[in-house]
Amino acid sequence: MKKQVLVLAMSAILLAACGKKEEPVAAPAAPAPVAAAPAAPAGPVLDDEKVVNVYNWPDYITESLIADFEKEYGVKVNYDTFENNEALHAKLVAGNSGYDIVVPTADFGKRQIEGGLYQPIDKSKLKNYGNLDPDFMSKIAGVDPENKYLVPWAWGFTTVGINKQKVEKALGGMPMPENAWDLVFKPEYSSKLKSCGIAYLDSPSEILPVALHYVGKPAYSENPEDFKLAGEMLKKVRKDVRLFSSTMIDDIAGGKACAFIGWSGDINIAAGRVKETGGKDEIVPLLPTGGGRVFIDTMAIPKDAKHVNNAHAFIDFYLRATNAAAMANEMNYPTGNKAALADIKDEVKNNNTIFLGPEDTARLIPTGGFSNDSLGVVNETYNAFKRGK
């Protein structure tokens, strides 16, 4: 029924059209010109001076990152290094550092943010910012609310590392302690390891938190009495410490110590260098069964940076998944870049001294920092220990 009605209607329309006098049809009006869309930028906006000045830790960048960035953007990277957070902090406080990107550990970053030493990160200039793991960023938010100033570089933990063969020989059949920190904090062990050498990182912000934790006090205590207790413990082993090192990788690989307080990644790097030179000794970072100090190293832009656009371009380049994965693969440090995980080698992902399991992660001392009010006692305690007083 509906089909018949439709056919009749169409026939009526056609008949009407046939009987209609043909009239000239006006030519269609020319379409109005459409404004051309602006060309998409070839890349990020850069500063007129094609330079970016970076201040980072030693042995903490992949082999080709700088050359690749310079080739792609035509921006020259001036790359300098510092030995510890204290040195970086002093440079920033003095002002006019000349750097566009610095790499503080998050606990120092907190103090520097509060001191107004950094400018906010412009996330609109970081198209790869979404590669970062939100859960990981929430940890940094504890020292950098809303993640306004700090972007992760890499992370790891401060722990005890050993030359396995030399330590076993020095202990002379004495079993390894359950708590690895006993090797460097307990005279019963340190007196035996003195023969092959004990090395400490040369930094109060590295040694005091783990020493406080070892004596059962808060790692970032504000109580002078807690520091006194940690200082007394350290004083007992001072005679057994061979060196305070700012070049731990070279010192470990060179055999200057058999037990050391160091960074997990650096200990693994030293192990690799020993193998590359044909060495037979096994260098291993010990898992933090007694609590290791977690650290998160971050990128920040100083308040007085002169090449801010170039700094953002460098940060965004580093946040590419392939570059973050190369950091883990080459430098043995885990990344907070979730998109990078697919490109990380299985032998790195499955190394439980690089990517810790849940149980070992739970043992880590949480990210924190000493307040400005406690810095005096921190430095006083450390310097007295180092001088053997």
# chains A, B, ... in the order shown; residues from 1 in each chain; ligands from 1
$ residues_around --residues "Ala199 of chain A" --least-positions-apart "5" --cutoff "8 Å" --atoms "only C-alpha atoms" --output "MDAnalysis selection string"
chainID A and resid 241:245 257 259:261
$ select_by_dssp --residues "segment 176-261 of chain A" --states "strand (DSSP E)" --output "MDAnalysis selection string"
chainID A and resid 198:201 243:245 259:261
$ write_last_selection --atoms "all heavy atoms" --output "tab-separated table (two decimals), in the first residue's frame"
chain	number	residue	atom	x	y	z
A	198	ILE	N	86.04	-0.21	53.10
A	198	ILE	CA	84.65	0.24	53.16
A	198	ILE	C	84.59	1.66	52.63
A	198	ILE	O	85.42	2.50	52.99
A	198	ILE	CB	84.10	0.19	54.60
A	198	ILE	CG1	84.05	-1.26	55.11
A	198	ILE	CG2	82.71	0.84	54.69
A	198	ILE	CD1	83.66	-1.39	56.57
A	199	ALA	N	83.61	1.94	51.77
A	199	ALA	CA	83.44	3.29	51.20
A	199	ALA	C	82.03	3.78	51.49
A	199	ALA	O	81.06	3.02	51.38
A	199	ALA	CB	83.70	3.27	49.69
A	200	TYR	N	81.95	5.06	51.85
A	200	TYR	CA	80.66	5.72	52.06
A	200	TYR	C	80.48	6.80	50.99
A	200	TYR	O	81.45	7.46	50.61
A	200	TYR	CB	80.62	6.42	53.42
A	200	TYR	CG	80.33	5.57	54.63
A	200	TYR	CD1	80.61	4.21	54.67
A	200	TYR	CD2	79.80	6.15	55.77
A	200	TYR	CE1	80.36	3.46	55.81
A	200	TYR	CE2	79.54	5.42	56.92
A	200	TYR	CZ	79.82	4.05	56.93
A	200	TYR	OH	79.57	3.32	58.07
A	201	LEU	N	79.27	6.99	50.54
A	201	LEU	CA	78.97	8.17	49.73
A	201	LEU	C	79.30	9.42	50.54
A	201	LEU	O	78.98	9.49	51.74
A	201	LEU	CB	77.48	8.20	49.34
A	201	LEU	CG	77.04	7.28	48.22
A	201	LEU	CD1	75.51	7.24	48.17
A	201	LEU	CD2	77.58	7.75	46.87
A	243	LEU	N	87.26	5.26	52.67
A	243	LEU	CA	87.11	6.50	51.89
A	243	LEU	C	85.67	6.97	51.84
A	243	LEU	O	84.74	6.17	51.98
A	243	LEU	CB	87.65	6.33	50.48
A	243	LEU	CG	86.88	5.47	49.48
A	243	LEU	CD1	87.17	5.94	48.07
A	243	LEU	CD2	87.28	4.00	49.60
A	244	PHE	N	85.54	8.28	51.63
A	244	PHE	CA	84.27	8.93	51.37
A	244	PHE	C	84.30	9.32	49.90
A	244	PHE	O	85.16	10.09	49.48
A	244	PHE	CB	84.09	10.14	52.29
A	244	PHE	CG	83.97	9.77	53.74
A	244	PHE	CD1	85.10	9.57	54.51
A	244	PHE	CD2	82.72	9.61	54.32
A	244	PHE	CE1	85.00	9.21	55.85
A	244	PHE	CE2	82.60	9.25	55.66
A	244	PHE	CZ	83.74	9.05	56.43
A	245	SER	N	83.36	8.79	49.14
A	245	SER	CA	83.49	8.85	47.68
A	245	SER	C	82.42	9.69	47.01
A	245	SER	O	81.24	9.62	47.36
A	245	SER	CB	83.44	7.43	47.10
A	245	SER	OG	83.45	7.46	45.70
A	259	ALA	N	83.05	-3.20	50.30
A	259	ALA	CA	81.71	-2.95	50.82
A	259	ALA	C	81.47	-1.45	50.75
A	259	ALA	O	82.37	-0.67	51.06
A	259	ALA	CB	81.55	-3.45	52.25
A	260	PHE	N	80.28	-1.05	50.34
A	260	PHE	CA	80.08	0.37	50.09
A	260	PHE	C	78.62	0.75	50.25
A	260	PHE	O	77.71	-0.03	49.97
A	260	PHE	CB	80.54	0.73	48.66
A	260	PHE	CG	80.62	-0.45	47.73
A	260	PHE	CD1	79.50	-0.92	47.05
A	260	PHE	CD2	81.82	-1.14	47.58
A	260	PHE	CE1	79.58	-2.01	46.22
A	260	PHE	CE2	81.91	-2.25	46.74
A	260	PHE	CZ	80.78	-2.69	46.05
A	261	ILE	N	78.42	1.98	50.73
A	261	ILE	CA	77.09	2.58	50.73
A	261	ILE	C	77.00	3.36	49.42
A	261	ILE	O	77.75	4.32	49.21
A	261	ILE	CB	76.87	3.52	51.92
A	261	ILE	CG1	77.00	2.75	53.24
A	261	ILE	CG2	75.49	4.18	51.84
A	261	ILE	CD1	76.88	3.63	54.48
$ closest_residue --among "A:Gly130, A:Gly74, A:Gly368, A:Pro58" --to "Ser221 of chain A" --atoms "only C-alpha atoms"
A:Gly368
$ select_by_dssp --residues "segment 245-378 of chain A" --states "alpha helix (DSSP H)" --output "VMD selection string"
chain A and resid 248 to 253 264 to 276 308 to 318 321 to 331 346 to 349 358 to 363 375 to 378
$ atom_distance --atom1 "atom CA of Leu117 of chain A" --atom2 "atom CA of Trp153 of chain A"
18.7 Å
$ residues_around --residues "Gln112 of chain A" --least-positions-apart "2" --cutoff "12 Å" --atoms "only C-alpha atoms" --output "PyMOL selection string"
chain A and resi 85-86+88-93+102-110+114-119+143-144+149-150+300-303+369-372
$ write_last_selection --atoms "N, CA, C and O atoms" --output "CSV table (one decimal), in the first residue's frame"
chain,number,residue,atom,x,y,z
A,85,ASN,N,73.9,16.5,46.2
A,85,ASN,CA,72.8,17.5,46.3
A,85,ASN,C,73.2,18.8,47.0
A,85,ASN,O,72.7,19.9,46.7
A,86,GLU,N,74.2,18.6,47.9
A,86,GLU,CA,74.6,19.8,48.6
A,86,GLU,C,75.3,20.8,47.7
A,86,GLU,O,75.1,22.0,47.8
A,88,LEU,N,74.8,21.1,44.4
A,88,LEU,CA,73.7,21.7,43.6
A,88,LEU,C,73.0,22.8,44.4
A,88,LEU,O,72.7,23.9,43.9
A,89,HIS,N,72.6,22.5,45.6
A,89,HIS,CA,71.9,23.5,46.4
A,89,HIS,C,72.6,24.8,46.6
A,89,HIS,O,72.1,25.9,46.5
A,90,ALA,N,73.9,24.6,46.9
A,90,ALA,CA,74.7,25.8,47.1
A,90,ALA,C,74.8,26.7,45.8
A,90,ALA,O,74.7,27.9,45.9
A,91,LYS,N,74.9,26.0,44.7
A,91,LYS,CA,74.9,26.8,43.4
A,91,LYS,C,73.6,27.5,43.2
A,91,LYS,O,73.6,28.7,42.8
A,92,LEU,N,72.5,26.9,43.5
A,92,LEU,CA,71.2,27.5,43.3
A,92,LEU,C,70.9,28.7,44.3
A,92,LEU,O,70.4,29.7,43.9
A,93,VAL,N,71.3,28.5,45.5
A,93,VAL,CA,71.1,29.5,46.5
A,93,VAL,C,72.0,30.8,46.2
A,93,VAL,O,71.5,31.9,46.4
A,102,VAL,N,68.3,21.6,36.0
A,102,VAL,CA,69.1,21.0,37.0
A,102,VAL,C,68.3,19.7,37.4
A,102,VAL,O,67.1,19.6,37.2
A,103,VAL,N,69.1,18.8,38.1
A,103,VAL,CA,68.5,17.5,38.4
A,103,VAL,C,68.6,17.2,39.9
A,103,VAL,O,69.5,16.5,40.3
A,104,PRO,N,67.8,17.9,40.7
A,104,PRO,CA,67.8,17.6,42.2
A,104,PRO,C,67.1,16.3,42.5
A,104,PRO,O,66.2,15.9,41.8
A,105,THR,N,67.5,15.7,43.6
A,105,THR,CA,66.7,14.7,44.2
A,105,THR,C,65.5,15.3,44.9
A,105,THR,O,65.5,16.4,45.3
A,106,ALA,N,64.4,14.6,44.8
A,106,ALA,CA,63.1,15.2,45.2
A,106,ALA,C,63.1,15.8,46.6
A,106,ALA,O,62.5,16.8,46.8
A,107,ASP,N,63.8,15.2,47.6
A,107,ASP,CA,63.8,15.7,48.9
A,107,ASP,C,64.4,17.1,49.0
A,107,ASP,O,64.0,18.0,49.7
A,108,PHE,N,65.5,17.3,48.2
A,108,PHE,CA,66.2,18.6,48.1
A,108,PHE,C,65.3,19.5,47.3
A,108,PHE,O,65.2,20.7,47.5
A,109,GLY,N,64.6,19.0,46.3
A,109,GLY,CA,63.7,19.8,45.4
A,109,GLY,C,62.7,20.4,46.3
A,109,GLY,O,62.3,21.6,46.0
A,110,LYS,N,62.2,19.7,47.3
A,110,LYS,CA,61.1,20.3,48.2
A,110,LYS,C,61.6,21.6,48.8
A,110,LYS,O,61.0,22.6,48.8
A,114,GLU,N,60.3,25.5,48.1
A,114,GLU,CA,59.9,26.4,49.2
A,114,GLU,C,60.7,27.6,49.2
A,114,GLU,O,60.2,28.7,49.6
A,115,GLY,N,62.0,27.6,48.7
A,115,GLY,CA,62.8,28.7,48.7
A,115,GLY,C,62.7,29.6,47.5
A,115,GLY,O,63.4,30.6,47.3
A,116,GLY,N,61.7,29.2,46.6
A,116,GLY,CA,61.5,30.0,45.4
A,116,GLY,C,62.6,29.9,44.4
A,116,GLY,O,62.7,30.9,43.6
A,117,LEU,N,63.3,28.8,44.3
A,117,LEU,CA,64.4,28.7,43.4
A,117,LEU,C,64.1,28.2,42.0
A,117,LEU,O,64.9,28.2,41.1
A,118,TYR,N,62.8,27.7,41.8
A,118,TYR,CA,62.4,27.1,40.6
A,118,TYR,C,61.2,27.9,40.0
A,118,TYR,O,60.4,28.5,40.7
A,119,GLN,N,61.0,27.7,38.7
A,119,GLN,CA,59.8,28.3,38.0
A,119,GLN,C,58.9,27.1,37.7
A,119,GLN,O,59.4,26.0,37.4
A,143,VAL,N,56.3,15.9,47.8
A,143,VAL,CA,57.2,17.0,48.0
A,143,VAL,C,57.0,18.2,47.0
A,143,VAL,O,57.5,19.3,47.2
A,144,ASP,N,56.2,17.9,46.0
A,144,ASP,CA,55.9,18.9,45.0
A,144,ASP,C,54.4,18.9,44.7
A,144,ASP,O,54.0,18.3,43.7
A,149,TYR,N,56.6,21.6,39.7
A,149,TYR,CA,58.0,22.1,39.4
A,149,TYR,C,58.9,20.9,39.0
A,149,TYR,O,60.0,21.2,38.4
A,150,LEU,N,58.6,19.7,39.3
A,150,LEU,CA,59.6,18.6,39.2
A,150,LEU,C,59.0,17.6,38.2
A,150,LEU,O,57.9,17.2,38.2
A,300,ALA,N,64.3,20.1,36.9
A,300,ALA,CA,63.6,21.4,37.3
A,300,ALA,C,64.3,22.5,36.5
A,300,ALA,O,65.4,22.4,36.1
A,301,ILE,N,63.5,23.6,36.4
A,301,ILE,CA,64.0,24.8,35.7
A,301,ILE,C,64.2,25.9,36.7
A,301,ILE,O,63.3,26.4,37.3
A,302,PRO,N,65.5,26.3,36.9
A,302,PRO,CA,65.8,27.4,37.8
A,302,PRO,C,65.0,28.7,37.5
A,302,PRO,O,64.7,29.0,36.4
A,303,LYS,N,64.7,29.4,38.6
A,303,LYS,CA,64.0,30.7,38.4
A,303,LYS,C,64.6,31.6,37.4
A,303,LYS,O,63.9,32.3,36.7
A,369,GLY,N,62.7,14.6,53.5
A,369,GLY,CA,63.8,15.5,53.5
A,369,GLY,C,64.0,16.2,54.8
A,369,GLY,O,63.0,16.3,55.6
A,370,PHE,N,65.2,16.7,55.1
A,370,PHE,CA,65.4,17.4,56.3
A,370,PHE,C,64.9,18.9,56.2
A,370,PHE,O,65.1,19.5,55.1
A,371,SER,N,64.3,19.4,57.2
A,371,SER,CA,63.9,20.8,57.2
A,371,SER,C,65.1,21.7,57.3
A,371,SER,O,66.2,21.3,57.7
A,372,ASN,N,64.9,23.0,56.9
A,372,ASN,CA,65.9,24.0,57.0
A,372,ASN,C,66.4,24.1,58.5
A,372,ASN,O,67.6,24.3,58.8
$ closest_residue --among "A:Thr361, A:Ala253, A:Val160, A:Lys192" --to "Gly173 of chain A" --atoms "only C-alpha atoms"
A:Lys192
$ closest_residue --among "A:Ala154, A:Leu193, A:Ala230, A:Ala328" --to "Val378 of chain A" --atoms "only C-alpha atoms"
A:Ala230
$ closest_residue --among "A:Asn351, A:Asn268, A:Asn56, A:Thr159" --to "Pro288 of chain A" --atoms "only C-alpha atoms"
A:Thr159
$ residues_around --residues "Asp316 of chain A" --least-positions-apart "2" --cutoff "12 Å" --atoms "only C-alpha atoms" --output "PyMOL selection string"
chain A and resi 43-44+69+73+121-132+151-153+299+309-314+318-324+337
$ residues_around --residues "Glu188 of chain A" --least-positions-apart "6" --cutoff "12 Å" --atoms "only C-alpha atoms" --output "list in words"
Leu171, Met174, Pro175, Met176, Pro177, Trp181, Asp182, Lys194, Lys236, Val237 and Asp240 of chain A
$ residues_around --residues "Leu375 of chain A" --least-positions-apart "4" --cutoff "10 Å" --atoms "only C-alpha atoms" --output "PyMOL selection string"
chain A and resi 204-205+222+370-371+379-381
$ residues_around --residues "Lys76 of chain A" --least-positions-apart "5" --cutoff "10 Å" --atoms "only C-alpha atoms" --output "list of chain:residue names"
A:Glu49, A:Lys50, A:Val51, A:Val52, A:Asn53, A:Ile66, A:Ala67, A:Phe69, A:Glu70, A:Lys71, A:Asn310
$ write_last_selection --atoms "N, CA and C atoms" --output "PDB file, in the first residue's frame"
ATOM      1  N   GLU A  49      68.409  32.139  21.125  1.00  0.00           N
ATOM      2  CA  GLU A  49      69.750  31.562  21.298  1.00  0.00           C
ATOM      3  C   GLU A  49      69.601  30.048  21.416  1.00  0.00           C
ATOM      4  N   LYS A  50      70.153  29.328  20.492  1.00  0.00           N
ATOM      5  CA  LYS A  50      69.957  27.877  20.409  1.00  0.00           C
ATOM      6  C   LYS A  50      70.941  27.141  21.325  1.00  0.00           C
ATOM      7  N   VAL A  51      70.704  27.316  22.629  1.00  0.00           N
ATOM      8  CA  VAL A  51      71.560  26.730  23.667  1.00  0.00           C
ATOM      9  C   VAL A  51      70.681  26.279  24.819  1.00  0.00           C
ATOM     10  N   VAL A  52      71.039  25.176  25.468  1.00  0.00           N
ATOM     11  CA  VAL A  52      70.417  24.811  26.737  1.00  0.00           C
ATOM     12  C   VAL A  52      71.522  24.300  27.657  1.00  0.00           C
ATOM     13  N   ASN A  53      71.537  24.795  28.884  1.00  0.00           N
ATOM     14  CA  ASN A  53      72.582  24.463  29.855  1.00  0.00           C
ATOM     15  C   ASN A  53      72.019  23.524  30.912  1.00  0.00           C
ATOM     16  N   ILE A  66      72.245  13.420  24.155  1.00  0.00           N
ATOM     17  CA  ILE A  66      72.600  14.805  23.845  1.00  0.00           C
ATOM     18  C   ILE A  66      72.780  14.991  22.343  1.00  0.00           C
ATOM     19  N   ALA A  67      73.537  14.097  21.710  1.00  0.00           N
ATOM     20  CA  ALA A  67      73.770  14.213  20.267  1.00  0.00           C
ATOM     21  C   ALA A  67      72.471  14.118  19.487  1.00  0.00           C
ATOM     22  N   PHE A  69      69.431  14.930  20.548  1.00  0.00           N
ATOM     23  CA  PHE A  69      68.661  16.157  20.757  1.00  0.00           C
ATOM     24  C   PHE A  69      69.238  17.298  19.923  1.00  0.00           C
ATOM     25  N   GLU A  70      70.548  17.457  19.938  1.00  0.00           N
ATOM     26  CA  GLU A  70      71.185  18.532  19.180  1.00  0.00           C
ATOM     27  C   GLU A  70      70.907  18.404  17.681  1.00  0.00           C
ATOM     28  N   LYS A  71      70.942  17.179  17.191  1.00  0.00           N
ATOM     29  CA  LYS A  71      70.702  16.941  15.763  1.00  0.00           C
ATOM     30  C   LYS A  71      69.264  17.276  15.383  1.00  0.00           C
ATOM     31  N   ASN A 310      63.882  26.200  25.374  1.00  0.00           N
ATOM     32  CA  ASN A 310      64.803  25.109  25.056  1.00  0.00           C
ATOM     33  C   ASN A 310      64.815  24.062  26.167  1.00  0.00           C
TER      34      ASN A 310
END
$ closest_residue --among "A:Leu46, A:Thr158, A:Thr81, A:Arg273" --to "Ile61 of chain A" --atoms "only C-alpha atoms"
A:Thr81
$ closest_residue --among "A:Ile296, A:Asp68, A:Tyr220, A:Phe82" --to "Ser246 of chain A" --atoms "only C-alpha atoms"
A:Phe82
